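Heads up, structure_34.cif below (mmCIF, C-alpha atoms and all ligand atoms):
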```
data_model
loop_
_atom_site.group_PDB
_atom_site.id
_atom_site.type_symbol
_atom_site.label_atom_id
_atom_site.label_comp_id
_atom_site.auth_asym_id
_atom_site.auth_seq_id
_atom_site.Cartn_x
_atom_site.Cartn_y
_atom_site.Cartn_z
ATOM 1 C CA MET A 1 44.009 -25.866 85.207
ATOM 2 C CA PRO A 2 40.685 -27.430 84.110
ATOM 3 C CA LEU A 3 41.326 -30.722 85.910
ATOM 4 C CA LYS A 4 38.893 -31.589 88.699
ATOM 5 C CA GLU A 5 38.979 -34.363 91.239
ATOM 6 C CA ILE A 6 35.654 -36.219 91.447
ATOM 7 C CA THR A 7 34.041 -39.178 93.181
ATOM 8 C CA PHE A 8 33.692 -42.664 91.738
ATOM 9 C CA LYS A 9 29.950 -42.117 91.387
ATOM 10 C CA GLU A 10 30.452 -38.936 89.415
ATOM 11 C CA TRP A 11 33.066 -40.599 87.241
ATOM 12 C CA ARG A 12 30.641 -43.446 86.427
ATOM 13 C CA SER A 13 28.021 -40.969 85.303
ATOM 14 C CA ILE A 14 30.197 -39.337 82.649
ATOM 15 C CA ASN A 15 29.174 -40.218 79.116
ATOM 16 C CA PRO A 16 32.277 -39.984 76.902
ATOM 17 C CA LEU A 17 30.210 -39.450 73.755
ATOM 18 C CA LYS A 18 27.593 -36.959 74.875
ATOM 19 C CA GLY A 19 28.607 -34.975 77.924
ATOM 20 C CA LYS A 20 30.970 -32.044 78.042
ATOM 21 C CA TRP A 21 33.244 -33.826 80.513
ATOM 22 C CA ILE A 22 35.944 -36.391 79.935
ATOM 23 C CA GLY A 23 36.519 -38.771 82.825
ATOM 24 C CA TYR A 24 39.711 -40.443 83.903
ATOM 25 C CA TRP A 25 40.840 -42.659 86.739
ATOM 26 C CA TRP A 26 44.061 -44.018 88.116
ATOM 27 C CA PRO A 27 44.013 -47.087 90.385
ATOM 28 C CA GLY A 28 44.656 -46.210 93.986
ATOM 29 C CA ILE A 29 44.922 -42.482 93.313
ATOM 30 C CA GLY A 30 41.589 -41.115 92.227
ATOM 31 C CA TYR A 31 39.001 -40.059 89.671
ATOM 32 C CA TYR A 32 39.222 -36.906 87.598
ATOM 33 C CA LYS A 33 37.377 -35.026 84.924
ATOM 34 C CA ILE A 34 38.242 -32.318 82.456
ATOM 35 C CA LEU A 35 35.887 -29.896 80.750
ATOM 36 C CA ARG A 36 36.031 -30.271 77.004
ATOM 37 C CA GLY A 37 35.374 -27.218 74.862
ATOM 38 C CA ARG A 38 32.172 -27.495 72.843
ATOM 39 C CA SER A 39 33.499 -26.176 69.548
ATOM 40 C CA LYS A 40 36.742 -26.799 67.727
ATOM 41 C CA GLU A 41 37.763 -23.187 68.408
ATOM 42 C CA ALA A 42 37.029 -23.523 72.111
ATOM 43 C CA ARG A 43 39.116 -26.665 72.328
ATOM 44 C CA GLU A 44 42.036 -25.110 70.476
ATOM 45 C CA LYS A 45 41.918 -22.134 72.794
ATOM 46 C CA GLN A 46 41.846 -24.445 75.809
ATOM 47 C CA ILE A 47 44.881 -26.401 74.585
ATOM 48 C CA ARG A 48 46.805 -23.175 73.909
ATOM 49 C CA LEU A 49 46.048 -22.013 77.435
ATOM 50 C CA ILE A 50 47.160 -25.271 79.013
ATOM 51 C CA LEU A 51 50.374 -25.327 77.010
ATOM 52 C CA ASN A 52 51.374 -21.702 77.406
ATOM 53 C CA ASP A 53 49.955 -20.340 80.626
ATOM 54 C CA ASP A 54 48.516 -22.916 82.943
ATOM 55 C CA THR A 55 50.080 -23.610 86.297
ATOM 56 C CA PHE A 56 49.940 -27.180 87.519
ATOM 57 C CA ARG A 57 49.909 -28.117 91.157
ATOM 58 C CA SER A 58 49.599 -31.492 92.842
ATOM 59 C CA THR A 59 51.045 -33.544 95.632
ATOM 60 C CA GLN A 60 54.095 -35.523 94.631
ATOM 61 C CA ARG A 61 52.079 -38.711 95.163
ATOM 62 C CA THR A 62 49.391 -37.782 92.643
ATOM 63 C CA PHE A 63 51.634 -36.023 90.124
ATOM 64 C CA LEU A 64 51.956 -38.922 87.695
ATOM 65 C CA ALA A 65 48.242 -39.716 87.615
ATOM 66 C CA ARG A 66 47.136 -36.127 87.188
ATOM 67 C CA PHE A 67 49.743 -35.042 84.707
ATOM 68 C CA THR A 68 49.269 -38.146 82.554
ATOM 69 C CA PHE A 69 45.635 -37.166 82.148
ATOM 70 C CA ILE A 70 46.571 -33.660 81.006
ATOM 71 C CA ALA A 71 49.324 -34.923 78.716
ATOM 72 C CA LEU A 72 47.048 -37.478 77.040
ATOM 73 C CA TYR A 73 44.237 -34.988 76.640
ATOM 74 C CA VAL A 74 46.508 -32.406 75.015
ATOM 75 C CA TYR A 75 48.248 -35.013 72.870
ATOM 76 C CA ASN A 76 45.022 -36.421 71.473
ATOM 77 C CA GLU A 77 43.538 -32.987 70.878
ATOM 78 C CA LEU A 78 46.693 -31.938 69.030
ATOM 79 C CA LEU A 79 46.518 -35.036 66.845
ATOM 80 C CA ARG A 80 43.056 -33.965 65.839
ATOM 81 C CA SER A 81 44.190 -30.390 65.144
ATOM 82 C CA LYS A 82 47.196 -31.592 63.188
ATOM 83 C CA ALA A 83 44.931 -32.863 60.416
ATOM 84 C CA GLU A 84 43.487 -29.383 59.946
ATOM 85 C CA ARG A 85 46.123 -26.822 60.730
ATOM 86 C CA GLN A 86 49.840 -26.239 61.174
ATOM 87 C CA LEU A 87 50.944 -26.909 64.758
ATOM 88 C CA ASP A 88 53.088 -24.261 66.416
ATOM 89 C CA PRO A 89 56.617 -25.143 67.648
ATOM 90 C CA LEU A 90 55.560 -25.813 71.263
ATOM 91 C CA GLU A 91 52.760 -28.104 70.103
ATOM 92 C CA LYS A 92 55.099 -29.967 67.742
ATOM 93 C CA THR A 93 57.652 -30.387 70.516
ATOM 94 C CA TRP A 94 54.981 -31.862 72.801
ATOM 95 C CA ILE A 95 53.793 -34.440 70.231
ATOM 96 C CA GLN A 96 57.290 -35.438 69.152
ATOM 97 C CA ALA A 97 58.649 -35.775 72.675
ATOM 98 C CA ILE A 98 55.788 -38.067 73.707
ATOM 99 C CA ASP A 99 56.231 -40.150 70.549
ATOM 100 C CA HIS A 100 59.958 -40.415 71.211
ATOM 101 C CA ALA A 101 59.528 -41.293 74.885
ATOM 102 C CA THR A 102 56.982 -44.046 74.186
ATOM 103 C CA LYS A 103 59.422 -45.508 71.642
ATOM 104 C CA LYS A 104 62.293 -45.047 74.155
ATOM 105 C CA LYS A 105 64.170 -42.891 71.658
ATOM 106 C CA LEU A 106 64.570 -39.377 72.986
ATOM 107 C CA THR A 107 66.764 -36.895 71.124
ATOM 108 C CA LYS A 108 69.778 -35.227 72.746
ATOM 109 C CA GLU A 109 67.815 -31.977 73.035
ATOM 110 C CA GLU A 110 64.936 -33.717 74.761
ATOM 111 C CA LEU A 111 67.243 -35.445 77.236
ATOM 112 C CA LEU A 112 68.824 -32.066 77.943
ATOM 113 C CA ARG A 113 65.410 -30.501 78.634
ATOM 114 C CA ILE A 114 64.700 -33.282 81.128
ATOM 115 C CA GLU A 115 68.006 -32.663 82.858
ATOM 116 C CA GLN A 116 67.310 -28.957 83.069
ATOM 117 C CA VAL A 117 63.875 -29.179 84.598
ATOM 118 C CA SER A 118 64.091 -28.096 88.177
ATOM 119 C CA ALA A 119 62.154 -30.188 90.623
ATOM 120 C CA HIS A 120 59.556 -27.529 91.430
ATOM 121 C CA LEU A 121 59.161 -29.318 94.693
ATOM 122 C CA LYS A 122 57.587 -27.533 97.626
ATOM 123 C CA PHE A 123 56.743 -28.743 101.084
ATOM 124 C CA GLN A 124 53.559 -28.038 102.927
ATOM 125 C CA GLN A 125 52.714 -28.646 106.527
ATOM 126 C CA LYS A 126 49.468 -30.599 106.740
ATOM 127 C CA LYS A 127 48.245 -31.248 110.243
ATOM 128 C CA ASP A 128 51.059 -33.226 111.799
ATOM 129 C CA LYS A 129 52.957 -34.168 108.653
ATOM 130 C CA ILE A 130 54.826 -32.461 105.882
ATOM 131 C CA GLU A 131 53.634 -33.211 102.380
ATOM 132 C CA PRO A 132 55.737 -32.714 99.247
ATOM 133 C CA TRP A 133 54.065 -30.783 96.429
ATOM 134 C CA ILE A 134 54.981 -30.180 92.824
ATOM 135 C CA GLN A 135 54.125 -26.849 91.311
ATOM 136 C CA GLY A 136 55.034 -25.125 88.068
ATOM 137 C CA LYS A 137 54.002 -24.247 84.556
ATOM 138 C CA VAL A 138 52.588 -27.142 82.547
ATOM 139 C CA LYS A 139 55.148 -26.545 79.798
ATOM 140 C CA GLU A 140 58.012 -26.970 82.283
ATOM 141 C CA LEU A 141 56.588 -29.852 84.306
ATOM 142 C CA PHE A 142 55.969 -31.610 81.012
ATOM 143 C CA TRP A 143 59.654 -32.569 80.969
ATOM 144 C CA LEU A 144 59.497 -33.914 84.482
ATOM 145 C CA TRP A 145 56.514 -36.041 83.445
ATOM 146 C CA LEU A 146 58.281 -37.105 80.251
ATOM 147 C CA SER A 147 61.144 -38.522 82.283
ATOM 148 C CA ARG A 148 58.608 -40.730 84.114
ATOM 149 C CA LEU A 149 57.135 -41.848 80.790
ATOM 150 C CA TYR A 150 60.606 -42.526 79.433
ATOM 151 C CA SER A 151 61.591 -44.573 82.461
ATOM 152 C CA GLY A 152 58.429 -46.660 82.179
ATOM 153 C CA ASP A 153 56.569 -45.438 85.292
ATOM 154 C CA VAL A 154 53.597 -44.941 83.023
ATOM 155 C CA VAL A 155 52.850 -46.955 79.893
ATOM 156 C CA LEU A 156 50.967 -45.430 76.990
ATOM 157 C CA ARG A 157 49.730 -47.313 73.986
ATOM 158 C CA GLU A 158 48.466 -46.371 70.546
ATOM 159 C CA CYS A 159 44.909 -47.484 69.826
ATOM 160 C CA ALA A 160 44.796 -50.662 67.726
ATOM 161 C CA ALA A 161 41.875 -49.469 65.615
ATOM 162 C CA GLU A 162 43.195 -48.787 62.124
ATOM 163 C CA ASP A 163 41.372 -45.463 61.834
ATOM 164 C CA CYS A 164 42.369 -44.162 65.273
ATOM 165 C CA ILE A 165 45.768 -42.872 66.376
ATOM 166 C CA ARG A 166 44.917 -41.810 69.900
ATOM 167 C CA LEU A 167 47.261 -42.651 72.734
ATOM 168 C CA PHE A 168 45.809 -44.049 75.939
ATOM 169 C CA ARG A 169 46.909 -45.597 79.201
ATOM 170 C CA PRO A 170 45.803 -49.238 79.239
ATOM 171 C CA SER A 171 44.094 -50.210 82.465
ATOM 172 C CA ARG A 172 45.284 -53.762 81.885
ATOM 173 C CA SER A 173 48.816 -54.126 80.596
ATOM 174 C CA GLY A 174 50.714 -57.002 79.074
ATOM 175 C CA ASP A 175 50.343 -58.664 75.689
ATOM 176 C CA GLY A 176 47.950 -61.420 76.703
ATOM 177 C CA LYS A 177 44.412 -61.874 75.466
ATOM 178 C CA THR A 178 43.012 -59.716 78.200
ATOM 179 C CA SER A 179 45.199 -56.708 77.516
ATOM 180 C CA GLN A 180 43.469 -53.526 76.496
ATOM 181 C CA ILE A 181 44.288 -52.572 72.899
ATOM 182 C CA TYR A 182 41.632 -49.976 72.053
ATOM 183 C CA CYS A 183 41.462 -46.450 73.435
ATOM 184 C CA SER A 184 37.730 -46.605 74.102
ATOM 185 C CA ASN A 185 34.619 -48.760 73.993
ATOM 186 C CA GLN A 186 33.667 -46.943 70.783
ATOM 187 C CA CYS A 187 36.818 -48.103 68.997
ATOM 188 C CA ARG A 188 36.433 -51.647 70.319
ATOM 189 C CA ALA A 189 32.809 -51.853 69.176
ATOM 190 C CA ARG A 190 33.618 -50.374 65.756
ATOM 191 C CA MET A 191 36.406 -52.879 65.162
ATOM 192 C CA ALA A 192 34.287 -55.820 66.356
ATOM 193 C CA GLU A 193 31.567 -54.787 63.923
ATOM 194 C CA ARG A 194 34.065 -54.634 61.085
ATOM 195 C CA LYS A 195 35.379 -58.100 61.879
ATOM 196 C CA VAL A 196 31.854 -59.505 61.759
ATOM 197 C CA LYS A 197 31.254 -57.820 58.403
ATOM 198 C CA ALA A 198 34.516 -59.198 57.017
ATOM 199 C CA ILE A 199 33.541 -62.750 57.990
ATOM 200 C CA CYS A 200 29.990 -62.583 56.565
HETATM 201 ZN ZN ZN B 1 40.763 -45.547 69.371
#
```
Any chance you could give the structure as structure tokens?
Amino acid sequence: MPLKEITFKEWRSINPLKGKWIGYWWPGIGYYKILRGRSKEAREKQIRLILNDDTFRSTQRTFLARFTFIALYVYNELLRSKAERQLDPLEKTWIQAIDHATKKKLTKEELLRIEQVSAHLKFQQKKDKIEPWIQGKVKELFWLWLSRLYSGDVVLRECAAEDCIRLFRPSRSGDGKTSQIYCSNQCRARMAERKVKAIC
């Protein structure tokens, strides 16, 4: 699994446009980064690996934060691939299930997959306490994560920029003026520029 836990300082130093890392944070849980493949081929290979072979392991407490990062990364990469090639059945399932869960409209098959996913819960003795862990293949734990998305434990939103369809997790929620509606500073800046042009 290419996900790495990092410090706040390291997270601040990641440049989303230039560097090879993508940074991510979750309030109260931590900062993470993922290595992004340089070429299109490298990224496709990486996504295939995550979907088919990768094992995911985290404490129960950090599961949602960590898996959301993976799920968003794969989802957005697949959206990009979708414009250029046919997605395979597993990839299609992943995209559709996330779309359905964010719209609160899962199919019968998807609900069944959620019911079938075993907890993959393990317990580990750490010093004087026992800590619950979750471990399993990404493609199986996906359904466990999807149930959390479906039940609203995590909220994802589609970017409001008209030329961007990426999903992201808003750091500020709600529908007020301060809510985050763009996936990135790049999208926000691009849209602001367009508004100015439209007025002039
Ligand atoms: Zn965007």
Which distance in Å separates atom CA of A:Lys18 and atom CA of A:Asp54, to one decimal?
26.5 Å
For each of A:Gly19, A:Pro170, A:Gly30, A:Pro132, take the minimum atom-to-atom distance to ligand ZN 1 (chain B), counting all atoms listed in the file, then give the residue where this is smallest.
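Nearest to ligand ZN 1 (chain B): A:Pro170.
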Find the residue from A:Val154, A:Leu112, A:Ile70, A:Leu144 that sits nearest to A:Arg169; use all atoms listed in the file when measuring.
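So, comparing all the options, the nearest one is A:Val154.
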Take the PyMOL selection byres (((not hetatm)) within 12 of (chain B and resi 1)), run it mentally on this structure, and tell me the resulting residues as a PyMOL selection string.
chain A and resi 76+157-170+180-191
The residue from A:Ser147, A:Asn15, A:Gln46, A:Ser179 with the smallest atom-to-atom distance to A:Thr102, counting only C-alpha atoms, is A:Ser147
One-decimal distance in Å that lies between atom CA of A:Thr55 and atom CA of A:Arg36:
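Pair atom CA of A:Arg36 / atom CA of A:Thr55 returns 18.1 Å.
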Could you spell out the hits of the PyMOL selection byres (((chain A and resi 92) around 12) and not hetatm) on the shown file, as an MDAnalysis selection string?
chainID A and resid 51 74:75 78:79 81:82 85:91 93:99
For atom CA of A:Val155 and atom CA of A:Phe142, the interatomic separation in Å (one decimal)
15.7 Å
Best match for closeness to A:Gln135 among A:Val117, A:Leu106, A:Ile29, A:Arg57, counting all atoms listed in the file
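Smallest distance to A:Gln135 is found for A:Arg57.
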For A:Leu3, list every protein, DNA or RNA residue within 9 Å, evaluated using only C-alpha atoms, and leave out those in the same chain fewer than 4 positions away; present the list as a JSON list (two decimals) with C-alpha atoms, in the frame of the given file.
```json
[["chain", "number", "residue", "atom", "x", "y", "z"],
["A", 32, "TYR", "CA", 39.22, -36.91, 87.60],
["A", 33, "LYS", "CA", 37.38, -35.03, 84.92],
["A", 34, "ILE", "CA", 38.24, -32.32, 82.46],
["A", 35, "LEU", "CA", 35.89, -29.90, 80.75],
["A", 66, "ARG", "CA", 47.14, -36.13, 87.19],
["A", 69, "PHE", "CA", 45.64, -37.17, 82.15],
["A", 70, "ILE", "CA", 46.57, -33.66, 81.01]]
```
Of the candidates A:Ile22, A:Glu193, A:Lys105, A:Lys40, which shows the shortest atom-to-atom distance to A:Leu72, using only C-alpha atoms?
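Result for the nearest residue to A:Leu72: A:Ile22.
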Considering only C-alpha atoms, state which residue in the set A:Glu84, A:Glu77, A:Glu131, A:Glu5 is at the smallest distance from A:Trp26.
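Counting only C-alpha atoms, the residue closest to A:Trp26 is A:Glu5.
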Written as number ranges by chain, which residues does the PyMOL selection byres (((chain A and resi 124) around 12) and not hetatm) give for the file shown?
A: 58-60, 121-123, 125-135
Need the shell around A:Gly37: protein/DNA/RNA residues with any atom at most 12 Å away, counting all atoms listed in the file. Skip same-chain ones fewer than 4 positions apart. Format as a JSON list (two decimals) with C-alpha atoms, keeping the file's coordinate frame?
```
[["chain", "number", "residue", "atom", "x", "y", "z"],
["A", 2, "PRO", "CA", 40.68, -27.43, 84.11],
["A", 19, "GLY", "CA", 28.61, -34.98, 77.92],
["A", 20, "LYS", "CA", 30.97, -32.04, 78.04],
["A", 21, "TRP", "CA", 33.24, -33.83, 80.51],
["A", 22, "ILE", "CA", 35.94, -36.39, 79.94],
["A", 41, "GLU", "CA", 37.76, -23.19, 68.41],
["A", 42, "ALA", "CA", 37.03, -23.52, 72.11],
["A", 43, "ARG", "CA", 39.12, -26.66, 72.33],
["A", 44, "GLU", "CA", 42.04, -25.11, 70.48],
["A", 45, "LYS", "CA", 41.92, -22.13, 72.79],
["A", 46, "GLN", "CA", 41.85, -24.44, 75.81],
["A", 47, "ILE", "CA", 44.88, -26.40, 74.58],
["A", 73, "TYR", "CA", 44.24, -34.99, 76.64],
["A", 77, "GLU", "CA", 43.54, -32.99, 70.88]]
```
As lines of an AutoDock Vina configuration file, please report the centre and edge lengths, rounded to one decimal in Å, of the axis-aligned box that holds all listed atoms of stretch 20-27 of chain A with 6 Å of padding on each of the six sides.
```
center_x = 37.5
center_y = -39.6
center_z = 84.2
size_x = 25.1
size_y = 27.0
size_z = 24.3
```
